[in-house]
>>> print(open('entry.cif').read())   # mmCIF, N, CA and C atoms
data_run
#
loop_
_atom_site.label_atom_id
_atom_site.label_comp_id
_atom_site.auth_asym_id
_atom_site.auth_seq_id
_atom_site.Cartn_x
_atom_site.Cartn_y
_atom_site.Cartn_z
N MET A 105 87.61 137.82 85.37
CA MET A 105 87.84 139.01 84.58
C MET A 105 87.63 138.69 83.11
N SER A 106 87.19 139.69 82.40
CA SER A 106 86.88 139.50 80.99
C SER A 106 88.15 139.48 80.14
N VAL A 107 88.01 139.00 78.95
CA VAL A 107 89.12 138.98 78.00
C VAL A 107 89.59 140.41 77.72
N ALA A 108 88.66 141.35 77.63
CA ALA A 108 89.01 142.75 77.37
C ALA A 108 89.92 143.31 78.47
N ILE A 109 89.66 142.94 79.71
CA ILE A 109 90.50 143.41 80.83
C ILE A 109 91.91 142.83 80.69
N TRP A 110 92.01 141.55 80.35
CA TRP A 110 93.32 140.93 80.16
C TRP A 110 94.07 141.57 79.00
N ILE A 111 93.38 141.87 77.92
CA ILE A 111 94.02 142.52 76.77
C ILE A 111 94.48 143.93 77.15
N ALA A 112 93.64 144.64 77.88
CA ALA A 112 94.00 145.99 78.33
C ALA A 112 95.23 145.95 79.23
N ALA A 113 95.29 144.98 80.15
CA ALA A 113 96.44 144.86 81.04
C ALA A 113 97.71 144.56 80.24
N GLY A 114 97.60 143.69 79.25
CA GLY A 114 98.76 143.37 78.42
C GLY A 114 99.24 144.57 77.62
N ALA A 115 98.30 145.30 77.03
CA ALA A 115 98.66 146.50 76.27
C ALA A 115 99.29 147.55 77.17
N CYS A 116 98.72 147.71 78.36
CA CYS A 116 99.28 148.69 79.31
C CYS A 116 100.66 148.26 79.79
N GLY A 117 100.88 146.96 79.92
CA GLY A 117 102.21 146.47 80.28
C GLY A 117 103.24 146.86 79.24
N GLY A 118 102.88 146.76 77.97
CA GLY A 118 103.79 147.19 76.91
C GLY A 118 104.07 148.67 76.97
N LEU A 119 103.04 149.47 77.24
CA LEU A 119 103.23 150.91 77.38
C LEU A 119 104.11 151.24 78.58
N GLY A 120 103.92 150.49 79.66
CA GLY A 120 104.76 150.70 80.84
C GLY A 120 106.22 150.41 80.55
N ALA A 121 106.48 149.34 79.80
CA ALA A 121 107.86 148.99 79.45
C ALA A 121 108.48 150.10 78.59
N LEU A 122 107.71 150.66 77.68
CA LEU A 122 108.21 151.78 76.88
C LEU A 122 108.50 152.99 77.77
N GLY A 123 107.61 153.24 78.72
CA GLY A 123 107.83 154.35 79.66
C GLY A 123 109.10 154.16 80.47
N ARG A 124 109.34 152.93 80.92
CA ARG A 124 110.56 152.64 81.67
C ARG A 124 111.78 152.89 80.81
N ALA A 125 111.75 152.48 79.56
CA ALA A 125 112.89 152.68 78.66
C ALA A 125 113.17 154.17 78.48
N VAL A 126 112.13 154.97 78.35
CA VAL A 126 112.30 156.41 78.19
C VAL A 126 112.93 157.01 79.45
N VAL A 127 112.41 156.64 80.62
CA VAL A 127 112.95 157.14 81.88
C VAL A 127 114.41 156.72 82.04
N ASP A 128 114.70 155.46 81.75
CA ASP A 128 116.06 154.94 81.88
C ASP A 128 117.03 155.69 80.96
N LEU A 129 116.64 155.88 79.71
CA LEU A 129 117.50 156.61 78.77
C LEU A 129 117.69 158.06 79.18
N ALA A 130 116.61 158.72 79.59
CA ALA A 130 116.69 160.13 79.99
C ALA A 130 117.58 160.30 81.22
N MET A 131 117.42 159.41 82.20
CA MET A 131 118.26 159.50 83.40
C MET A 131 119.71 159.19 83.08
N GLY A 132 119.94 158.24 82.19
CA GLY A 132 121.31 157.92 81.78
C GLY A 132 121.99 159.11 81.13
N ARG A 133 121.25 159.82 80.31
CA ARG A 133 121.81 161.02 79.67
C ARG A 133 122.06 162.13 80.69
N ALA A 134 121.14 162.29 81.62
CA ALA A 134 121.24 163.37 82.60
C ALA A 134 122.29 163.11 83.67
N ALA A 135 122.35 161.86 84.16
CA ALA A 135 123.20 161.56 85.31
C ALA A 135 124.44 160.75 84.96
N GLY A 136 124.51 160.25 83.75
CA GLY A 136 125.65 159.42 83.37
C GLY A 136 125.37 157.95 83.61
N ALA A 137 126.26 157.13 83.12
CA ALA A 137 126.03 155.69 83.14
C ALA A 137 126.67 154.98 84.32
N GLY A 138 127.22 155.69 85.27
CA GLY A 138 127.94 155.05 86.37
C GLY A 138 127.07 154.32 87.38
N PHE A 139 125.84 154.73 87.53
CA PHE A 139 124.92 154.14 88.50
C PHE A 139 123.57 154.00 87.82
N PRO A 140 122.80 152.95 88.12
CA PRO A 140 121.52 152.72 87.43
C PRO A 140 120.40 153.64 87.92
N TYR A 141 120.60 154.95 87.75
CA TYR A 141 119.60 155.91 88.21
C TYR A 141 118.25 155.73 87.52
N GLY A 142 118.26 155.45 86.23
CA GLY A 142 117.02 155.33 85.49
C GLY A 142 116.11 154.24 86.02
N ILE A 143 116.68 153.07 86.28
CA ILE A 143 115.89 151.96 86.81
C ILE A 143 115.43 152.28 88.23
N ALA A 144 116.30 152.91 89.02
CA ALA A 144 115.91 153.30 90.38
C ALA A 144 114.74 154.28 90.34
N VAL A 145 114.80 155.27 89.46
CA VAL A 145 113.72 156.25 89.35
C VAL A 145 112.43 155.58 88.89
N ALA A 146 112.52 154.71 87.89
CA ALA A 146 111.33 154.00 87.42
C ALA A 146 110.73 153.15 88.54
N ASN A 147 111.56 152.39 89.24
CA ASN A 147 111.04 151.54 90.31
C ASN A 147 110.44 152.35 91.46
N LEU A 148 111.09 153.45 91.82
CA LEU A 148 110.59 154.25 92.94
C LEU A 148 109.32 155.02 92.58
N THR A 149 109.27 155.60 91.39
CA THR A 149 108.04 156.28 91.00
C THR A 149 106.92 155.26 90.77
N GLY A 150 107.28 154.07 90.32
CA GLY A 150 106.29 153.01 90.17
C GLY A 150 105.73 152.56 91.51
N ALA A 151 106.59 152.51 92.52
CA ALA A 151 106.13 152.13 93.87
C ALA A 151 105.16 153.18 94.42
N LEU A 152 105.49 154.44 94.23
CA LEU A 152 104.59 155.51 94.66
C LEU A 152 103.25 155.42 93.91
N ALA A 153 103.32 155.23 92.61
CA ALA A 153 102.10 155.13 91.81
C ALA A 153 101.27 153.92 92.22
N ALA A 154 101.92 152.81 92.52
CA ALA A 154 101.18 151.61 92.95
C ALA A 154 100.44 151.88 94.25
N GLY A 155 101.10 152.54 95.19
CA GLY A 155 100.44 152.90 96.44
C GLY A 155 99.26 153.81 96.20
N LEU A 156 99.42 154.79 95.31
CA LEU A 156 98.31 155.69 94.98
C LEU A 156 97.15 154.93 94.36
N ILE A 157 97.44 154.04 93.44
CA ILE A 157 96.39 153.27 92.76
C ILE A 157 95.64 152.38 93.75
N VAL A 158 96.38 151.63 94.53
CA VAL A 158 95.74 150.71 95.48
C VAL A 158 94.94 151.48 96.53
N GLY A 159 95.44 152.65 96.90
CA GLY A 159 94.71 153.45 97.88
C GLY A 159 93.50 154.16 97.32
N ALA A 160 93.50 154.45 96.02
CA ALA A 160 92.45 155.28 95.43
C ALA A 160 91.39 154.49 94.67
N VAL A 161 91.74 153.35 94.15
CA VAL A 161 90.85 152.63 93.24
C VAL A 161 90.15 151.51 93.99
N ASP A 162 88.85 151.42 93.80
CA ASP A 162 88.07 150.36 94.44
C ASP A 162 87.67 149.26 93.46
N SER A 163 88.28 149.26 92.30
CA SER A 163 87.95 148.29 91.27
C SER A 163 89.11 147.32 91.07
N VAL A 164 88.85 146.05 91.26
CA VAL A 164 89.89 145.03 91.05
C VAL A 164 90.36 145.06 89.60
N GLU A 165 89.45 145.28 88.67
CA GLU A 165 89.81 145.33 87.26
C GLU A 165 90.73 146.52 86.97
N ALA A 166 90.40 147.68 87.51
CA ALA A 166 91.23 148.86 87.29
C ALA A 166 92.61 148.68 87.91
N GLU A 167 92.66 148.13 89.12
CA GLU A 167 93.95 147.83 89.75
C GLU A 167 94.76 146.89 88.88
N PHE A 168 94.12 145.87 88.34
CA PHE A 168 94.80 144.88 87.51
C PHE A 168 95.38 145.52 86.25
N VAL A 169 94.59 146.36 85.59
CA VAL A 169 95.05 146.99 84.36
C VAL A 169 96.16 148.01 84.63
N ILE A 170 95.97 148.84 85.65
CA ILE A 170 96.94 149.92 85.91
C ILE A 170 98.17 149.39 86.65
N ALA A 171 97.94 148.75 87.81
CA ALA A 171 99.08 148.28 88.61
C ALA A 171 99.66 146.99 88.06
N GLY A 172 98.80 146.05 87.73
CA GLY A 172 99.29 144.77 87.22
C GLY A 172 99.74 144.83 85.77
N GLY A 173 99.22 145.79 85.02
CA GLY A 173 99.59 145.96 83.62
C GLY A 173 100.67 147.01 83.46
N PHE A 174 100.25 148.28 83.48
CA PHE A 174 101.18 149.37 83.21
C PHE A 174 102.37 149.37 84.18
N LEU A 175 102.09 149.37 85.48
CA LEU A 175 103.19 149.49 86.44
C LEU A 175 104.09 148.25 86.47
N SER A 176 103.53 147.10 86.16
CA SER A 176 104.37 145.90 86.09
C SER A 176 105.33 145.98 84.91
N GLY A 177 104.91 146.62 83.83
CA GLY A 177 105.81 146.83 82.71
C GLY A 177 106.80 147.96 82.98
N TYR A 178 106.33 148.97 83.71
CA TYR A 178 107.15 150.15 84.00
C TYR A 178 108.27 149.85 85.00
N THR A 179 107.98 149.07 86.00
CA THR A 179 108.98 148.73 87.01
C THR A 179 109.65 147.41 86.64
N THR A 180 110.80 147.16 87.25
CA THR A 180 111.51 145.93 86.90
C THR A 180 112.36 145.42 88.05
N PHE A 181 111.94 144.32 88.60
CA PHE A 181 112.70 143.67 89.66
C PHE A 181 113.98 143.05 89.10
N SER A 182 113.88 142.38 87.96
CA SER A 182 115.03 141.66 87.42
C SER A 182 116.16 142.61 87.05
N THR A 183 115.86 143.76 86.45
CA THR A 183 116.92 144.70 86.10
C THR A 183 117.53 145.31 87.34
N TRP A 184 116.73 145.56 88.36
CA TRP A 184 117.24 146.07 89.64
C TRP A 184 118.26 145.08 90.21
N MET A 185 117.92 143.80 90.20
CA MET A 185 118.83 142.77 90.71
C MET A 185 120.08 142.66 89.85
N LEU A 186 119.91 142.68 88.53
CA LEU A 186 121.05 142.59 87.63
C LEU A 186 121.98 143.77 87.81
N ASP A 187 121.43 144.97 87.88
CA ASP A 187 122.26 146.16 88.11
C ASP A 187 123.04 146.05 89.41
N THR A 188 122.39 145.55 90.45
CA THR A 188 123.04 145.38 91.75
C THR A 188 124.17 144.36 91.64
N MET A 189 123.92 143.25 90.97
CA MET A 189 124.95 142.21 90.81
C MET A 189 126.15 142.73 90.00
N VAL A 190 125.89 143.52 88.97
CA VAL A 190 126.99 144.07 88.16
C VAL A 190 127.82 145.04 88.99
N LEU A 191 127.17 145.88 89.76
CA LEU A 191 127.92 146.78 90.65
C LEU A 191 128.79 145.98 91.62
N TRP A 192 128.22 144.92 92.19
CA TRP A 192 128.96 144.08 93.14
C TRP A 192 130.14 143.40 92.45
N ARG A 193 129.87 142.83 91.26
CA ARG A 193 130.92 142.16 90.50
C ARG A 193 132.07 143.10 90.18
N ASP A 194 131.74 144.35 89.90
CA ASP A 194 132.75 145.34 89.56
C ASP A 194 133.38 145.97 90.79
N ARG A 195 133.17 145.34 91.93
CA ARG A 195 133.75 145.75 93.21
C ARG A 195 133.31 147.15 93.65
N ARG A 196 132.13 147.51 93.26
CA ARG A 196 131.53 148.78 93.67
C ARG A 196 130.51 148.45 94.75
N ARG A 197 131.05 147.93 95.85
CA ARG A 197 130.22 147.35 96.92
C ARG A 197 129.27 148.37 97.55
N LEU A 198 129.77 149.56 97.82
CA LEU A 198 128.91 150.57 98.44
C LEU A 198 127.75 150.92 97.51
N GLU A 199 128.03 151.12 96.23
CA GLU A 199 126.97 151.45 95.28
C GLU A 199 125.98 150.30 95.14
N ALA A 200 126.48 149.08 95.14
CA ALA A 200 125.59 147.91 95.07
C ALA A 200 124.66 147.87 96.28
N THR A 201 125.21 148.12 97.44
CA THR A 201 124.42 148.11 98.67
C THR A 201 123.40 149.24 98.68
N VAL A 202 123.83 150.42 98.25
CA VAL A 202 122.90 151.56 98.18
C VAL A 202 121.78 151.26 97.19
N ASN A 203 122.12 150.68 96.03
CA ASN A 203 121.09 150.35 95.04
C ASN A 203 120.10 149.35 95.61
N LEU A 204 120.60 148.33 96.26
CA LEU A 204 119.73 147.28 96.80
C LEU A 204 118.89 147.79 97.98
N ALA A 205 119.57 148.22 99.02
CA ALA A 205 118.87 148.62 100.24
C ALA A 205 118.10 149.93 100.06
N GLY A 206 118.71 150.88 99.36
CA GLY A 206 118.05 152.16 99.16
C GLY A 206 116.76 152.02 98.38
N SER A 207 116.80 151.23 97.30
CA SER A 207 115.59 151.03 96.51
C SER A 207 114.52 150.29 97.31
N LEU A 208 114.94 149.33 98.10
CA LEU A 208 113.98 148.57 98.90
C LEU A 208 113.31 149.46 99.94
N VAL A 209 114.10 150.17 100.72
CA VAL A 209 113.55 151.01 101.79
C VAL A 209 112.74 152.17 101.21
N LEU A 210 113.30 152.86 100.23
CA LEU A 210 112.57 153.98 99.63
C LEU A 210 111.32 153.50 98.89
N GLY A 211 111.41 152.35 98.22
CA GLY A 211 110.26 151.82 97.51
C GLY A 211 109.11 151.51 98.45
N LEU A 212 109.40 150.86 99.56
CA LEU A 212 108.35 150.57 100.54
C LEU A 212 107.77 151.86 101.12
N ALA A 213 108.66 152.81 101.42
CA ALA A 213 108.19 154.08 101.99
C ALA A 213 107.31 154.84 100.99
N LEU A 214 107.71 154.85 99.72
CA LEU A 214 106.92 155.55 98.71
C LEU A 214 105.58 154.86 98.44
N ALA A 215 105.58 153.55 98.42
CA ALA A 215 104.31 152.82 98.24
C ALA A 215 103.36 153.13 99.40
N ALA A 216 103.89 153.12 100.62
CA ALA A 216 103.08 153.44 101.79
C ALA A 216 102.61 154.89 101.75
N ALA A 217 103.49 155.80 101.32
CA ALA A 217 103.11 157.21 101.21
C ALA A 217 102.01 157.40 100.18
N GLY A 218 102.15 156.74 99.04
CA GLY A 218 101.13 156.83 98.00
C GLY A 218 99.79 156.34 98.49
N TRP A 219 99.80 155.21 99.18
CA TRP A 219 98.56 154.64 99.72
C TRP A 219 97.95 155.60 100.74
N THR A 220 98.79 156.15 101.61
CA THR A 220 98.31 157.06 102.65
C THR A 220 97.74 158.34 102.03
N ILE A 221 98.41 158.88 101.04
CA ILE A 221 97.92 160.08 100.35
C ILE A 221 96.58 159.78 99.69
N ALA A 222 96.52 158.68 98.96
CA ALA A 222 95.28 158.35 98.26
C ALA A 222 94.13 158.11 99.22
N ARG A 223 94.38 157.44 100.33
CA ARG A 223 93.31 157.17 101.30
C ARG A 223 92.83 158.47 101.94
N GLY A 224 93.72 159.42 102.11
CA GLY A 224 93.33 160.71 102.68
C GLY A 224 92.54 161.56 101.73
N MET A 225 92.73 161.32 100.42
CA MET A 225 92.05 162.13 99.40
C MET A 225 90.69 161.56 99.02
N PHE A 226 90.53 160.26 99.18
CA PHE A 226 89.30 159.61 98.68
C PHE A 226 88.49 159.03 99.79
#
>>> encode(input="entry.cif", output="structure tokens")
Amino acid sequence: MSVAIWIAAGACGGLGALGRAVVDLAMGRAAGAGFPYGIAVANLTGALAAGLIVGAVDSVEAEFVIAGGFLSGYTTFSTWMLDTMVLWRDRRRLEATVNLAGSLVLGLALAAAGWTIARGMF
């Protein structure tokens, strides 16, 4: 891959991180701070978008820039794990389990749905 593709992926990663911050803040305002809704929404919409991209795009470079760049900045595994650990530490076991298992199951389902939708359209 060219240097331009790597630069584009890096720039898109920064934009994705900003997008995640906006979603997280907006969800926190709308739903309150009791549960990490913002990170869950970012991760789940990112999973759907990743499935759509992989299903629709036939360019390794485009996948790298969009999925590996933007969506990698937009979604966050580490914050998902940290949020789950904090819920567990605070003895909010059911919420921790829902955050962990729910995000995993829904994320896989949404990625598969995105891929299936994109393959049916293209």
>>> closest_residue(input="entry.cif", among="A:Leu214, A:Val202, A:Ala135, A:Met225", to="Gly150 in chain A", atoms="all atoms listed in the file")
A:Leu214
>>> closest_residue(input="entry.cif", among="A:Thr180, A:Arg133, A:Val209, A:Phe168", to="Asn147 in chain A", atoms="all atoms listed in the file")
A:Thr180
>>> closest_residue(input="entry.cif", among="A:Ala222, A:Ala113, A:Met131, A:Met189", to="Leu156 in chain A", atoms="all atoms listed in the file")
A:Ala222
>>> closest_residue(input="entry.cif", among="A:Ala153, A:Gly177, A:Ile109, A:Ala216", to="Ala125 in chain A", atoms="only N, CA and C atoms")
A:Gly177
>>> residues_around(input="entry.cif", residues="Ile143 in chain A", least_positions_apart="2", cutoff="8 Å", atoms="all atoms listed in the file", output="PDB file with N, CA and C atoms, in the frame of the given file")
ATOM      1  N   ARG A 124     109.340 152.930  80.920  1.00  0.00           N
ATOM      2  CA  ARG A 124     110.560 152.640  81.670  1.00  0.00           C
ATOM      3  C   ARG A 124     111.780 152.890  80.810  1.00  0.00           C
ATOM      4  N   VAL A 127     112.410 156.640  80.620  1.00  0.00           N
ATOM      5  CA  VAL A 127     112.950 157.140  81.880  1.00  0.00           C
ATOM      6  C   VAL A 127     114.410 156.720  82.040  1.00  0.00           C
ATOM      7  N   ASP A 128     114.700 155.460  81.750  1.00  0.00           N
ATOM      8  CA  ASP A 128     116.060 154.940  81.880  1.00  0.00           C
ATOM      9  C   ASP A 128     117.030 155.690  80.960  1.00  0.00           C
ATOM     10  N   LEU A 129     116.640 155.880  79.710  1.00  0.00           N
ATOM     11  CA  LEU A 129     117.500 156.610  78.770  1.00  0.00           C
ATOM     12  C   LEU A 129     117.690 158.060  79.180  1.00  0.00           C
ATOM     13  N   MET A 131     117.420 159.410  82.200  1.00  0.00           N
ATOM     14  CA  MET A 131     118.260 159.500  83.400  1.00  0.00           C
ATOM     15  C   MET A 131     119.710 159.190  83.080  1.00  0.00           C
ATOM     16  N   GLY A 132     119.940 158.240  82.190  1.00  0.00           N
ATOM     17  CA  GLY A 132     121.310 157.920  81.780  1.00  0.00           C
ATOM     18  C   GLY A 132     121.990 159.110  81.130  1.00  0.00           C
ATOM     19  N   PHE A 139     125.840 154.730  87.530  1.00  0.00           N
ATOM     20  CA  PHE A 139     124.920 154.140  88.500  1.00  0.00           C
ATOM     21  C   PHE A 139     123.570 154.000  87.820  1.00  0.00           C
ATOM     22  N   PRO A 140     122.800 152.950  88.120  1.00  0.00           N
ATOM     23  CA  PRO A 140     121.520 152.720  87.430  1.00  0.00           C
ATOM     24  C   PRO A 140     120.400 153.640  87.920  1.00  0.00           C
ATOM     25  N   TYR A 141     120.600 154.950  87.750  1.00  0.00           N
ATOM     26  CA  TYR A 141     119.600 155.910  88.210  1.00  0.00           C
ATOM     27  C   TYR A 141     118.250 155.730  87.520  1.00  0.00           C
ATOM     28  N   VAL A 145     114.800 155.270  89.460  1.00  0.00           N
ATOM     29  CA  VAL A 145     113.720 156.250  89.350  1.00  0.00           C
ATOM     30  C   VAL A 145     112.430 155.580  88.890  1.00  0.00           C
ATOM     31  N   ALA A 146     112.520 154.710  87.890  1.00  0.00           N
ATOM     32  CA  ALA A 146     111.330 154.000  87.420  1.00  0.00           C
ATOM     33  C   ALA A 146     110.730 153.150  88.540  1.00  0.00           C
ATOM     34  N   ASN A 147     111.560 152.390  89.240  1.00  0.00           N
ATOM     35  CA  ASN A 147     111.040 151.540  90.310  1.00  0.00           C
ATOM     36  C   ASN A 147     110.440 152.350  91.460  1.00  0.00           C
ATOM     37  N   LEU A 148     111.090 153.450  91.820  1.00  0.00           N
ATOM     38  CA  LEU A 148     110.590 154.250  92.940  1.00  0.00           C
ATOM     39  C   LEU A 148     109.320 155.020  92.580  1.00  0.00           C
ATOM     40  N   THR A 149     109.270 155.600  91.390  1.00  0.00           N
ATOM     41  CA  THR A 149     108.040 156.280  91.000  1.00  0.00           C
ATOM     42  C   THR A 149     106.920 155.260  90.770  1.00  0.00           C
ATOM     43  N   THR A 179     107.980 149.070  86.000  1.00  0.00           N
ATOM     44  CA  THR A 179     108.980 148.730  87.010  1.00  0.00           C
ATOM     45  C   THR A 179     109.650 147.410  86.640  1.00  0.00           C
ATOM     46  N   THR A 180     110.800 147.160  87.250  1.00  0.00           N
ATOM     47  CA  THR A 180     111.510 145.930  86.900  1.00  0.00           C
ATOM     48  C   THR A 180     112.360 145.420  88.050  1.00  0.00           C
ATOM     49  N   THR A 183     115.860 143.760  86.450  1.00  0.00           N
ATOM     50  CA  THR A 183     116.920 144.700  86.100  1.00  0.00           C
ATOM     51  C   THR A 183     117.530 145.310  87.340  1.00  0.00           C
ATOM     52  N   TRP A 184     116.730 145.560  88.360  1.00  0.00           N
ATOM     53  CA  TRP A 184     117.240 146.070  89.640  1.00  0.00           C
ATOM     54  C   TRP A 184     118.260 145.080  90.210  1.00  0.00           C
TER      55      TRP A 184
END
>>> atom_distance(input="entry.cif", atom1="atom N of Ala108 in chain A", atom2="atom C of Ala215 in chain A")
28.8 Å
>>> atom_distance(input="entry.cif", atom1="CA of Gly117 in chain A", atom2="CA of Gly224 in chain A")
28.0 Å
>>> closest_residue(input="entry.cif", among="A:Glu199, A:Phe174, A:Gly211, A:Trp219", to="Gly120 in chain A", atoms="all atoms listed in the file")
A:Phe174
>>> atom_distance(input="entry.cif", atom1="CA of Ile170 in chain A", atom2="atom C of Ser207 in chain A")
21.0 Å
>>> closest_residue(input="entry.cif", among="A:Ala137, A:Leu175, A:Val107, A:Val169", to="Asp187 in chain A", atoms="only C-alpha atoms")
A:Ala137
>>> resolve_selection(input="entry.cif", expression="the PyMOL selection byres ((chain A and resi 158-163) around 7)", output="list in words")
Ala153, Ala154, Gly155, Leu156, Ile157, Val164, Glu165, Ala166, Glu167, Phe168, Gly218, Trp219, Thr220, Ile221, Ala222, Arg223 and Phe226 of chain A
>>> write_last_selection(input="entry.cif", atoms="N, CA and C atoms", output="PDB file, in the coordinates of the input")
ATOM      1  N   ALA A 153     103.320 155.230  92.610  1.00  0.00           N
ATOM      2  CA  ALA A 153     102.100 155.130  91.810  1.00  0.00           C
ATOM      3  C   ALA A 153     101.270 153.920  92.220  1.00  0.00           C
ATOM      4  N   ALA A 154     101.920 152.810  92.520  1.00  0.00           N
ATOM      5  CA  ALA A 154     101.180 151.610  92.950  1.00  0.00           C
ATOM      6  C   ALA A 154     100.440 151.880  94.250  1.00  0.00           C
ATOM      7  N   GLY A 155     101.100 152.540  95.190  1.00  0.00           N
ATOM      8  CA  GLY A 155     100.440 152.900  96.440  1.00  0.00           C
ATOM      9  C   GLY A 155      99.260 153.810  96.200  1.00  0.00           C
ATOM     10  N   LEU A 156      99.420 154.790  95.310  1.00  0.00           N
ATOM     11  CA  LEU A 156      98.310 155.690  94.980  1.00  0.00           C
ATOM     12  C   LEU A 156      97.150 154.930  94.360  1.00  0.00           C
ATOM     13  N   ILE A 157      97.440 154.040  93.440  1.00  0.00           N
ATOM     14  CA  ILE A 157      96.390 153.270  92.760  1.00  0.00           C
ATOM     15  C   ILE A 157      95.640 152.380  93.750  1.00  0.00           C
ATOM     16  N   VAL A 164      88.850 146.050  91.260  1.00  0.00           N
ATOM     17  CA  VAL A 164      89.890 145.030  91.050  1.00  0.00           C
ATOM     18  C   VAL A 164      90.360 145.060  89.600  1.00  0.00           C
ATOM     19  N   GLU A 165      89.450 145.280  88.670  1.00  0.00           N
ATOM     20  CA  GLU A 165      89.810 145.330  87.260  1.00  0.00           C
ATOM     21  C   GLU A 165      90.730 146.520  86.970  1.00  0.00           C
ATOM     22  N   ALA A 166      90.400 147.680  87.510  1.00  0.00           N
ATOM     23  CA  ALA A 166      91.230 148.860  87.290  1.00  0.00           C
ATOM     24  C   ALA A 166      92.610 148.680  87.910  1.00  0.00           C
ATOM     25  N   GLU A 167      92.660 148.130  89.120  1.00  0.00           N
ATOM     26  CA  GLU A 167      93.950 147.830  89.750  1.00  0.00           C
ATOM     27  C   GLU A 167      94.760 146.890  88.880  1.00  0.00           C
ATOM     28  N   PHE A 168      94.120 145.870  88.340  1.00  0.00           N
ATOM     29  CA  PHE A 168      94.800 144.880  87.510  1.00  0.00           C
ATOM     30  C   PHE A 168      95.380 145.520  86.250  1.00  0.00           C
ATOM     31  N   GLY A 218     102.150 156.740  99.040  1.00  0.00           N
ATOM     32  CA  GLY A 218     101.130 156.830  98.000  1.00  0.00           C
ATOM     33  C   GLY A 218      99.790 156.340  98.490  1.00  0.00           C
ATOM     34  N   TRP A 219      99.800 155.210  99.180  1.00  0.00           N
ATOM     35  CA  TRP A 219      98.560 154.640  99.720  1.00  0.00           C
ATOM     36  C   TRP A 219      97.950 155.600 100.740  1.00  0.00           C
ATOM     37  N   THR A 220      98.790 156.150 101.610  1.00  0.00           N
ATOM     38  CA  THR A 220      98.310 157.060 102.650  1.00  0.00           C
ATOM     39  C   THR A 220      97.740 158.340 102.030  1.00  0.00           C
ATOM     40  N   ILE A 221      98.410 158.880 101.040  1.00  0.00           N
ATOM     41  CA  ILE A 221      97.920 160.080 100.350  1.00  0.00           C
ATOM     42  C   ILE A 221      96.580 159.780  99.690  1.00  0.00           C
ATOM     43  N   ALA A 222      96.520 158.680  98.960  1.00  0.00           N
ATOM     44  CA  ALA A 222      95.280 158.350  98.260  1.00  0.00           C
ATOM     45  C   ALA A 222      94.130 158.110  99.220  1.00  0.00           C
ATOM     46  N   ARG A 223      94.380 157.440 100.330  1.00  0.00           N
ATOM     47  CA  ARG A 223      93.310 157.170 101.300  1.00  0.00           C
ATOM     48  C   ARG A 223      92.830 158.470 101.940  1.00  0.00           C
ATOM     49  N   PHE A 226      90.530 160.260  99.180  1.00  0.00           N
ATOM     50  CA  PHE A 226      89.300 159.610  98.680  1.00  0.00           C
ATOM     51  C   PHE A 226      88.490 159.030  99.790  1.00  0.00           C
TER      52      PHE A 226
END
>>> axis_aligned_box(input="entry.cif", around="range 150-166 of chain A", padding_each_side="6 Å", output="lines of an AutoDock Vina configuration file")
center_x = 97.5
center_y = 150.4
center_z = 92.4
size_x = 31.6
size_y = 22.7
size_z = 22.9
